[in-house]
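Asks: Structure supplied as structure_39.cif; contents: mmCIF, C-alpha atoms.
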```
data_start
loop_
_atom_site.label_atom_id
_atom_site.label_comp_id
_atom_site.auth_asym_id
_atom_site.auth_seq_id
_atom_site.Cartn_x
_atom_site.Cartn_y
_atom_site.Cartn_z
CA MET A 11 0.00 0.00 0.00
CA TRP A 12 2.83 2.37 0.91
CA LYS A 13 4.52 1.75 -2.45
CA LYS A 14 1.26 2.38 -4.33
CA ASN A 15 0.73 5.66 -2.49
CA LYS A 16 4.31 6.66 -3.23
CA ILE A 17 3.88 5.89 -6.95
CA LEU A 18 0.58 7.78 -7.02
CA ALA A 19 2.22 10.77 -5.32
CA LEU A 20 5.08 10.71 -7.83
CA ILE A 21 2.59 10.62 -10.73
CA VAL A 22 0.71 13.61 -9.30
CA VAL A 23 3.96 15.56 -8.82
CA PHE A 24 5.07 14.67 -12.35
CA LEU A 25 1.75 15.79 -13.89
CA PHE A 26 1.82 19.00 -11.87
CA ALA A 27 5.39 19.75 -12.97
CA PHE A 28 4.51 18.90 -16.57
CA CYS A 29 1.55 21.31 -16.57
CA ILE A 30 3.70 24.11 -15.14
CA ALA A 31 6.48 23.48 -17.67
CA ARG A 32 3.91 23.30 -20.49
CA ASP A 33 2.32 26.61 -19.50
CA ILE A 34 5.70 28.32 -19.17
CA PHE A 35 6.74 27.05 -22.59
CA ILE A 36 3.50 28.14 -24.30
CA LYS A 37 3.58 31.52 -22.54
CA SER A 38 7.13 32.07 -23.78
CA LEU A 39 6.13 30.96 -27.29
CA ILE A 40 3.19 33.39 -27.44
CA GLY A 41 5.42 36.24 -26.24
CA SER A 42 8.00 35.38 -28.91
CA VAL A 43 5.39 35.26 -31.68
CA ALA A 44 3.89 38.60 -30.61
CA GLY A 45 7.35 40.16 -30.49
CA SER A 46 8.25 38.70 -33.89
CA VAL A 47 5.07 40.03 -35.54
CA THR A 48 5.34 43.54 -34.07
CA GLY A 49 9.06 44.02 -33.42
CA ALA A 50 8.15 45.14 -29.89
CA PRO A 51 9.17 43.49 -26.58
CA THR A 52 6.32 41.55 -24.96
CA ARG A 53 5.77 40.19 -21.46
CA ILE A 54 3.03 37.90 -20.12
CA GLY A 55 2.48 37.78 -16.37
CA GLY A 56 0.27 34.70 -15.94
CA PHE A 57 -0.80 31.85 -18.20
CA SER A 58 -3.21 28.96 -17.68
CA LEU A 59 -4.33 26.34 -20.22
CA SER A 60 -7.12 23.80 -19.67
CA VAL A 61 -7.40 20.91 -22.11
CA ILE A 62 -10.61 19.63 -20.52
CA ARG A 63 -12.43 22.99 -20.73
CA GLN A 64 -10.56 23.96 -23.91
CA THR A 65 -9.77 27.42 -22.53
CA VAL A 66 -6.75 29.65 -22.08
CA GLU A 67 -6.37 32.58 -19.71
CA MET A 68 -3.56 35.12 -19.77
CA THR A 69 -3.03 37.96 -17.32
CA ASP A 70 -0.86 41.06 -17.25
CA PHE A 71 -0.05 41.06 -20.99
CA LYS A 72 2.18 44.03 -21.76
CA MET A 73 3.80 45.09 -25.01
CA TYR A 74 6.41 47.85 -24.90
CA ASN A 75 7.58 50.36 -27.48
CA PRO A 76 9.81 49.12 -30.32
CA HIS A 77 13.48 50.08 -30.59
CA GLY A 78 14.09 53.81 -30.94
CA PHE A 79 11.39 54.88 -28.47
CA PRO A 80 11.24 55.37 -24.69
CA ARG A 81 10.36 52.15 -22.86
CA ASP A 82 6.72 53.10 -22.35
CA ILE A 83 3.69 50.82 -22.57
CA LEU A 84 2.39 50.20 -26.10
CA VAL A 85 -0.38 47.77 -25.15
CA ASP A 86 -1.59 46.88 -21.65
CA ILE A 87 -4.10 44.01 -21.43
CA PRO A 88 -4.77 42.86 -17.84
CA LYS A 89 -6.79 39.81 -18.95
CA ILE A 90 -7.23 37.69 -22.07
CA SER A 91 -9.72 34.79 -22.17
CA ILE A 92 -9.67 32.30 -25.05
CA SER A 93 -11.99 29.45 -26.05
CA TRP A 94 -10.30 26.99 -28.44
CA ASN A 95 -11.14 23.88 -30.43
CA LEU A 96 -9.22 20.73 -29.48
CA GLY A 97 -10.53 18.76 -32.48
CA ALA A 98 -9.16 21.30 -34.95
CA LEU A 99 -5.76 21.28 -33.21
CA LEU A 100 -5.54 17.50 -33.61
CA LYS A 101 -6.06 18.05 -37.34
CA GLY A 102 -3.16 20.52 -37.51
CA LYS A 103 -5.21 23.73 -37.35
CA ILE A 104 -5.54 26.46 -34.74
CA HIS A 105 -9.22 27.27 -34.30
CA LEU A 106 -10.05 29.83 -31.61
CA LYS A 107 -13.79 30.11 -31.10
CA GLU A 108 -13.74 33.33 -29.10
CA ILE A 109 -11.22 35.73 -27.55
CA ASP A 110 -12.06 38.36 -24.94
CA PHE A 111 -9.56 41.20 -24.53
CA GLU A 112 -9.80 43.57 -21.57
CA LEU A 113 -7.68 46.28 -23.15
CA LYS A 114 -6.79 48.78 -20.43
CA GLU A 115 -4.46 51.03 -22.39
CA VAL A 116 -2.84 51.67 -25.76
CA GLY A 117 0.16 54.01 -25.70
CA MET A 118 0.87 56.28 -28.67
CA THR A 119 4.41 57.67 -28.37
CA GLU A 120 6.09 60.25 -30.58
CA ASN A 121 9.87 60.20 -30.14
CA GLU A 122 12.31 63.10 -30.34
CA GLU A 123 12.62 62.66 -34.13
CA GLY A 124 8.84 62.96 -34.55
CA LYS A 125 8.26 59.27 -35.36
CA LEU A 126 5.27 57.41 -33.95
CA ASN A 127 5.62 54.04 -32.24
CA VAL A 128 2.43 52.64 -33.82
CA ASP A 129 3.73 53.53 -37.28
CA SER A 130 7.13 51.97 -36.58
CA LEU A 131 5.88 48.46 -35.83
CA LYS A 132 6.85 45.53 -38.02
CA ILE A 133 3.26 44.99 -39.18
CA THR A 134 3.27 48.52 -40.63
CA GLU A 135 6.66 48.07 -42.29
CA ASP A 136 5.61 44.64 -43.61
CA LYS A 137 2.54 46.22 -45.14
CA LYS A 138 4.78 48.54 -47.18
CA ALA A 139 6.68 45.54 -48.52
CA GLY A 140 3.46 43.67 -49.26
CA THR A 141 4.09 41.03 -46.58
CA LEU A 142 0.50 41.12 -45.35
CA GLU A 143 -0.74 40.50 -48.87
CA LYS A 144 1.52 37.47 -49.15
CA GLU A 145 0.15 36.24 -45.83
CA ALA A 146 -3.19 35.50 -47.50
CA THR A 147 -1.52 33.25 -50.11
CA LYS A 148 0.67 31.14 -47.86
CA PRO A 149 1.04 27.47 -48.79
CA ALA A 150 -1.63 25.19 -47.28
CA LYS A 151 1.04 23.09 -45.52
CA GLU A 152 1.67 25.92 -43.04
CA LEU A 153 -0.34 25.89 -39.80
CA ALA A 154 -3.66 27.65 -40.36
CA ILE A 155 -5.42 29.86 -37.82
CA GLN A 156 -9.08 30.76 -37.58
CA ILE A 157 -10.58 33.10 -34.98
CA ASP A 158 -14.37 33.21 -35.07
CA LEU A 159 -15.02 36.11 -32.72
CA VAL A 160 -12.92 38.75 -30.93
CA ASN A 161 -14.49 40.90 -28.20
CA LEU A 162 -12.46 44.02 -27.51
CA ALA A 163 -13.17 46.13 -24.41
CA ILE A 164 -11.21 49.33 -25.05
CA GLY A 165 -10.12 51.50 -22.13
CA ARG A 166 -8.00 54.53 -22.95
CA ILE A 167 -5.32 55.93 -25.25
CA VAL A 168 -2.29 57.56 -23.60
CA SER A 169 -0.48 59.88 -26.01
CA LYS A 170 3.07 60.99 -25.12
CA ASP A 171 4.93 63.47 -27.30
CA TYR A 172 8.70 63.53 -26.67
CA SER A 173 9.38 65.79 -29.66
CA VAL A 174 8.54 68.90 -27.60
CA LYS A 175 11.05 70.69 -25.40
CA GLY A 176 11.16 69.61 -21.77
CA PRO A 177 8.98 66.78 -20.41
CA PRO A 178 6.67 64.94 -22.84
CA ALA A 179 3.26 66.43 -23.63
CA ILE A 180 0.69 63.93 -22.37
CA LYS A 181 -2.94 63.55 -23.45
CA VAL A 182 -5.34 60.79 -22.42
CA TYR A 183 -8.34 59.77 -24.51
CA GLU A 184 -10.93 57.91 -22.43
CA VAL A 185 -12.64 55.67 -24.99
CA ASN A 186 -14.47 53.11 -22.83
CA LEU A 187 -15.95 51.24 -25.76
CA LYS A 188 -16.77 47.59 -26.46
CA LYS A 189 -16.65 46.19 -29.98
CA SER A 190 -16.71 42.72 -31.53
CA TYR A 191 -15.04 41.44 -34.70
CA LYS A 192 -15.36 38.18 -36.62
CA ASN A 193 -13.47 35.99 -39.09
CA ILE A 194 -9.81 36.72 -38.35
CA THR A 195 -7.33 34.48 -40.14
CA SER A 196 -3.84 35.63 -39.13
CA VAL A 197 -1.87 36.88 -36.15
CA GLN A 198 -1.04 40.03 -38.12
CA GLN A 199 -4.75 40.79 -38.50
CA LEU A 200 -5.30 40.35 -34.78
CA VAL A 201 -2.39 42.62 -33.79
CA ALA A 202 -3.40 45.33 -36.28
CA LEU A 203 -6.93 45.18 -34.90
CA ILE A 204 -5.90 45.52 -31.24
CA ILE A 205 -3.62 48.49 -31.91
CA SER A 206 -5.54 50.43 -34.56
CA GLU A 207 -9.16 50.13 -33.42
CA PRO A 208 -8.72 52.03 -30.13
CA LEU A 209 -6.91 54.82 -32.01
CA LYS A 210 -9.73 55.03 -34.54
CA ALA A 211 -12.32 55.10 -31.76
CA ALA A 212 -10.50 58.03 -30.12
CA GLY A 213 -10.72 59.97 -33.41
CA ILE A 214 -6.96 60.03 -34.03
CA ARG A 215 -6.45 60.36 -37.78
CA GLY A 216 -3.75 59.92 -40.41
CA LEU A 217 -1.80 57.01 -38.91
CA LYS A 218 0.07 54.57 -41.16
CA VAL A 219 -0.96 51.63 -38.98
CA TYR A 220 -4.51 52.06 -40.29
CA ALA A 221 -3.37 50.78 -43.69
CA ALA A 222 -2.27 47.50 -42.10
CA SER A 223 -5.64 47.32 -40.37
CA MET A 224 -7.48 47.87 -43.66
CA LEU A 225 -5.56 45.03 -45.29
CA ALA A 226 -6.64 42.78 -42.43
CA GLY A 227 -10.17 42.90 -43.77
CA VAL A 228 -11.93 41.77 -40.58
CA ALA A 229 -15.64 42.32 -40.15
CA ALA A 230 -16.84 44.47 -37.26
CA MET A 231 -20.16 43.65 -35.65
CA PRO A 232 -22.40 46.69 -35.15
CA VAL A 233 -22.26 48.19 -31.66
CA ALA A 234 -23.21 51.44 -29.99
CA ALA A 235 -20.18 53.56 -29.22
CA VAL A 236 -20.28 55.12 -25.77
CA PHE A 237 -17.61 57.65 -24.84
CA THR A 238 -17.41 58.50 -21.16
CA PHE A 239 -16.19 62.04 -21.72
CA ALA A 240 -18.25 62.91 -24.78
CA GLY A 241 -19.29 66.58 -24.43
CA LYS A 242 -17.46 67.01 -21.11
CA ASP A 243 -14.52 69.30 -20.49
CA TYR A 244 -13.52 67.75 -17.17
CA THR A 245 -12.45 64.58 -15.40
CA GLN A 246 -12.41 63.67 -11.71
CA ALA A 247 -10.49 61.32 -9.45
CA SER A 248 -10.30 60.69 -5.71
CA PHE A 249 -7.05 60.13 -3.84
CA ASP A 250 -6.24 58.93 -0.33
CA VAL A 251 -4.11 61.97 0.46
CA THR A 252 -4.57 65.26 2.32
CA THR A 253 -5.73 68.35 0.45
CA ASP A 254 -2.33 69.91 1.09
CA LYS A 255 -0.48 67.07 -0.65
CA ALA A 256 -3.03 66.95 -3.48
CA TYR A 257 -2.68 70.69 -4.11
CA ASN A 258 1.12 70.66 -4.04
CA THR A 259 1.23 67.68 -6.42
CA GLY A 260 -1.25 69.31 -8.80
CA LEU A 261 0.75 72.54 -8.80
CA GLU A 262 3.97 70.65 -9.49
CA VAL A 263 2.40 68.72 -12.39
CA LEU A 264 0.84 71.81 -13.98
CA LYS A 265 4.13 73.70 -13.79
CA GLN A 266 5.86 70.77 -15.49
CA MET A 267 3.19 70.28 -18.18
CA GLY A 268 2.56 73.94 -18.98
CA ALA A 269 2.39 77.39 -17.39
CA VAL A 270 0.54 78.26 -14.18
CA ARG A 271 -1.39 81.54 -14.49
CA ARG A 272 -3.03 81.80 -11.08
CA GLU A 273 -2.96 79.79 -7.87
CA ASN A 274 -5.12 79.92 -4.76
CA LYS A 275 -4.12 77.33 -2.18
CA THR A 276 -6.77 78.46 0.33
CA GLY A 277 -9.53 77.94 -2.21
CA GLY A 278 -7.86 74.88 -3.73
CA VAL A 279 -7.93 76.31 -7.26
CA ILE A 280 -5.17 76.57 -9.88
CA SER A 281 -5.48 78.09 -13.37
CA ALA A 282 -2.95 77.05 -16.00
CA GLU A 283 -2.31 76.63 -19.71
CA VAL A 284 -1.44 73.15 -21.00
CA SER A 285 -1.04 72.24 -24.69
CA GLY A 286 -2.74 75.49 -25.67
CA ALA A 287 -5.80 74.77 -23.50
CA LYS A 288 -7.02 76.68 -20.46
CA VAL A 289 -6.91 74.25 -17.53
CA THR A 290 -8.55 74.64 -14.14
CA PHE A 291 -7.60 72.50 -11.14
CA ARG A 292 -10.06 72.26 -8.23
CA LEU A 293 -9.92 70.42 -4.91
CA LYS A 294 -12.71 69.02 -2.75
CA LYS A 295 -11.97 67.68 0.72
CA LEU A 296 -13.78 64.37 1.26
CA ASN A 297 -12.33 63.74 4.72
CA ASP A 298 -9.07 64.34 6.58
CA ALA A 299 -7.21 61.78 4.45
CA SER A 300 -9.11 61.79 1.15
CA THR A 301 -9.36 64.43 -1.59
CA GLU A 302 -11.26 64.72 -4.87
CA ILE A 303 -9.52 66.48 -7.76
CA THR A 304 -11.41 67.92 -10.74
CA ILE A 305 -9.54 69.01 -13.86
CA SER A 306 -11.31 70.91 -16.65
CA ALA A 307 -9.80 71.98 -19.97
CA ARG A 308 -11.03 74.07 -22.89
CA LYS A 309 -9.41 75.46 -26.02
CA LEU A 310 -11.13 78.19 -28.06
CA GLY A 311 -14.29 77.42 -26.12
CA LEU A 312 -14.25 73.72 -27.03
CA PRO A 313 -13.89 70.93 -24.44
CA LYS A 314 -10.52 69.20 -24.34
CA PRO A 315 -11.11 66.16 -22.11
CA GLU A 316 -7.93 64.50 -23.38
CA VAL A 317 -5.87 67.38 -21.91
CA ALA A 318 -7.77 67.21 -18.61
CA SER A 319 -7.29 63.43 -18.46
CA GLY A 320 -3.60 63.88 -19.26
CA VAL A 321 -3.19 66.09 -16.18
CA ILE A 322 -5.05 63.56 -13.99
CA TYR A 323 -2.85 60.81 -15.45
CA GLN A 324 0.29 62.64 -14.32
CA ILE A 325 -1.12 63.46 -10.88
CA THR A 326 -2.17 59.83 -10.40
CA ASP A 327 1.34 58.69 -11.32
CA ARG A 328 2.80 60.98 -8.66
CA LEU A 329 0.30 60.00 -5.95
CA LYS A 330 0.53 56.20 -6.40
#
```
When written as structure tokens, how does the structure in this file appear?

Replies:
Amino acid sequence: MWKKNKILALIVVFLFAFCIARDIFIKSLIGSVAGSVTGAPTRIGGFSLSVIRQTVEMTDFKMYNPHGFPRDILVDIPKISISWNLGALLKGKIHLKEIDFELKEVGMTENEEGKLNVDSLKITEDKKAGTLEKEATKPAKELAIQIDLVNLAIGRIVSKDYSVKGPPAIKVYEVNLKKSYKNITSVQQLVALIISEPLKAAGIRGLKVYAASMLAGVAAMPVAAVFTFAGKDYTQASFDVTTDKAYNTGLEVLKQMGAVRRENKTGGVISAEVSGAKVTFRLKKLNDASTEITISARKLGLPKPEVASGVIYQITDRLK
């Protein structure tokens, strides 16, 4: 009996070790493929594959800027859920029934030379050379991929411009939109979709990466676009800090991002100019250790929520 229990224990340990090694290997493989397709470093925090349920879950997926740009976030996806087809895999095909992306952030970075990170990715360069067109005519012997449905929950776009003098000019576009796409047949299509669709939704025009997205030819399912800051000129956030610390941090950020015109610490109000917009900073004491900050921004009378959100983004980074 003792020997049987020992053998059983060894089998369990072996299977456990095998599953861990398998997940580590597949996680590394996915990171390598993503990096190869985009030319950007990629890191995956957690990975779990279930053969019985035919599911995959990835957490803390981060892609960073390609070479020649500051090491900022390009894509931040806290969670990816995948439903796959075991039968198709046994036949030599990759068939993913559905993928859910919780896309927290896409970073658009302009370097000191005025080049954009999203237009310097390999998928964009490959498009110029016609690589994406060749992708559609690959020999049948190569491993095929079919993705039936992709659900993309888009959070925000963080734009950082390093071409200006001094610290980078930062704008944040709060998109908060969910869209679904069907019939994707290559990794290049999927990557182009994840990067370009949030930028389109934020109304950012004239990017080269859109051409790669157009060649992808995926079909978008109709949805209602809902923008959190549509029509608003302000954004708010609460912080577990005193009003004194919140004010001093806000003043420091506004001085770094632009020019402070007026300040009133007693009233908790600061007026400044950031990226050509008139910005107003206001404090509200919630309790002795909690403060609400409201940032509003307008340019030529028009709301500039992306400027207001950019200021909050910087303040949040300082008060973490």

Asks: List every protein, DNA or RNA residue that has an atom no more than 6 Å from (5.9, 50.4, -28.4) in the file's coordinate frame, counting only C-alpha atoms, and report them as a list in words.

Replies: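 Protein, DNA and RNA residues close to (5.9, 50.4, -28.4): Ala50, Tyr74, Asn75, Pro76, Leu84 and Asn127 of chain A.
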
Asks: I'd like the contact shell of stretch 90-94 of chain A - 9 Å cut-off, all atoms listed in the file, skipping same-chain residues fewer than 5 positions apart - returned as a PyMOL selection string.

Replies: chain A and resi 63-71+99+104-113+157

Asks: Taking C-alpha atoms for each residue, export the selection above as a tab-separated table (two decimals), in the frame of the given file.

Replies:
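Okay, this is what ended up in result.tsv:
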```
chain	number	residue	atom	x	y	z
A	63	ARG	CA	-12.43	22.99	-20.73
A	64	GLN	CA	-10.56	23.96	-23.91
A	65	THR	CA	-9.77	27.42	-22.53
A	66	VAL	CA	-6.75	29.65	-22.08
A	67	GLU	CA	-6.37	32.58	-19.71
A	68	MET	CA	-3.56	35.12	-19.77
A	69	THR	CA	-3.03	37.96	-17.32
A	70	ASP	CA	-0.86	41.06	-17.25
A	71	PHE	CA	-0.05	41.06	-20.99
A	99	LEU	CA	-5.76	21.28	-33.21
A	104	ILE	CA	-5.54	26.46	-34.74
A	105	HIS	CA	-9.22	27.27	-34.30
A	106	LEU	CA	-10.05	29.83	-31.61
A	107	LYS	CA	-13.79	30.11	-31.10
A	108	GLU	CA	-13.74	33.33	-29.10
A	109	ILE	CA	-11.22	35.73	-27.55
A	110	ASP	CA	-12.06	38.36	-24.94
A	111	PHE	CA	-9.56	41.20	-24.53
A	112	GLU	CA	-9.80	43.57	-21.57
A	113	LEU	CA	-7.68	46.28	-23.15
A	157	ILE	CA	-10.58	33.10	-34.98
```

Asks: Please evaluate the PyMOL selection byres ((chain A and resi 209) around 10) against the displayed coordinates and give the resulting residues as JSON, numbers by chain.

Replies: {"A": [116, 117, 118, 128, 164, 166, 167, 168, 183, 185, 204, 205, 206, 207, 208, 210, 211, 212, 213, 214, 215, 217, 219, 220]}

Asks: Neighbouring residues of A:Val85 were defined as those with any atom within 6 Å, considering all atoms listed in the file; residues of the same chain fewer than 3 positions away were excluded. Please report them as a PDB file with C-alpha atoms, keeping the file's coordinate frame.

Replies:
```pdb
ATOM      1  CA  LYS A  72       2.180  44.030 -21.760  1.00  0.00           C
ATOM      2  CA  MET A  73       3.800  45.090 -25.010  1.00  0.00           C
ATOM      3  CA  GLU A 115      -4.460  51.030 -22.390  1.00  0.00           C
ATOM      4  CA  VAL A 116      -2.840  51.670 -25.760  1.00  0.00           C
TER       5      VAL A 116
END
```

Asks: Ranking A:Lys125, A:Lys294, A:Lys242, A:Arg81 by minimum distance to A:Gly277 and counting only C-alpha atoms, which one comes first?

Replies: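 Smallest separation from A:Gly277 among the options: A:Lys294.
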
Asks: Find the distance between atom CA of A:Asn193 and atom CA of A:Leu162 and write it in Å to one decimal.

Replies: 14.1 Å

Asks: Between A:Lys255, A:Lys218, A:Lys295, A:Arg271, which residue has the minimum interatomic distance to A:Ile133, considering all atoms listed in the file?

Replies: A:Lys218

Asks: Could you check how far atom CA of A:Asn186 sits from atom CA of A:Leu159, in Å to one decimal?

Replies: 19.7 Å

Asks: Using only C-alpha atoms for the distances, tell me which of A:Lys192, A:Ala163, A:Ala179, A:Thr119 is nearest to A:Lys89.

Replies: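 Result for the nearest residue to A:Lys89: A:Ala163.
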
Asks: Please enumerate the residues selected by the PyMOL selection byres ((chain A and resi 312) around 10) when evaluated against the supplied file, formatted as a list in words.

Replies: Gly241, Lys242, Asp243, Ala287, Ala307, Arg308, Lys309, Leu310, Gly311, Pro313, Lys314 and Pro315 of chain A

Asks: Pick out the residues sitting within 9 Å of A:Glu273, and hand them over as a PyMOL selection string; count all atoms listed in the file, and ignore anything fewer than 6 positions along from it in its own chain.

Replies: chain A and resi 261+279-282
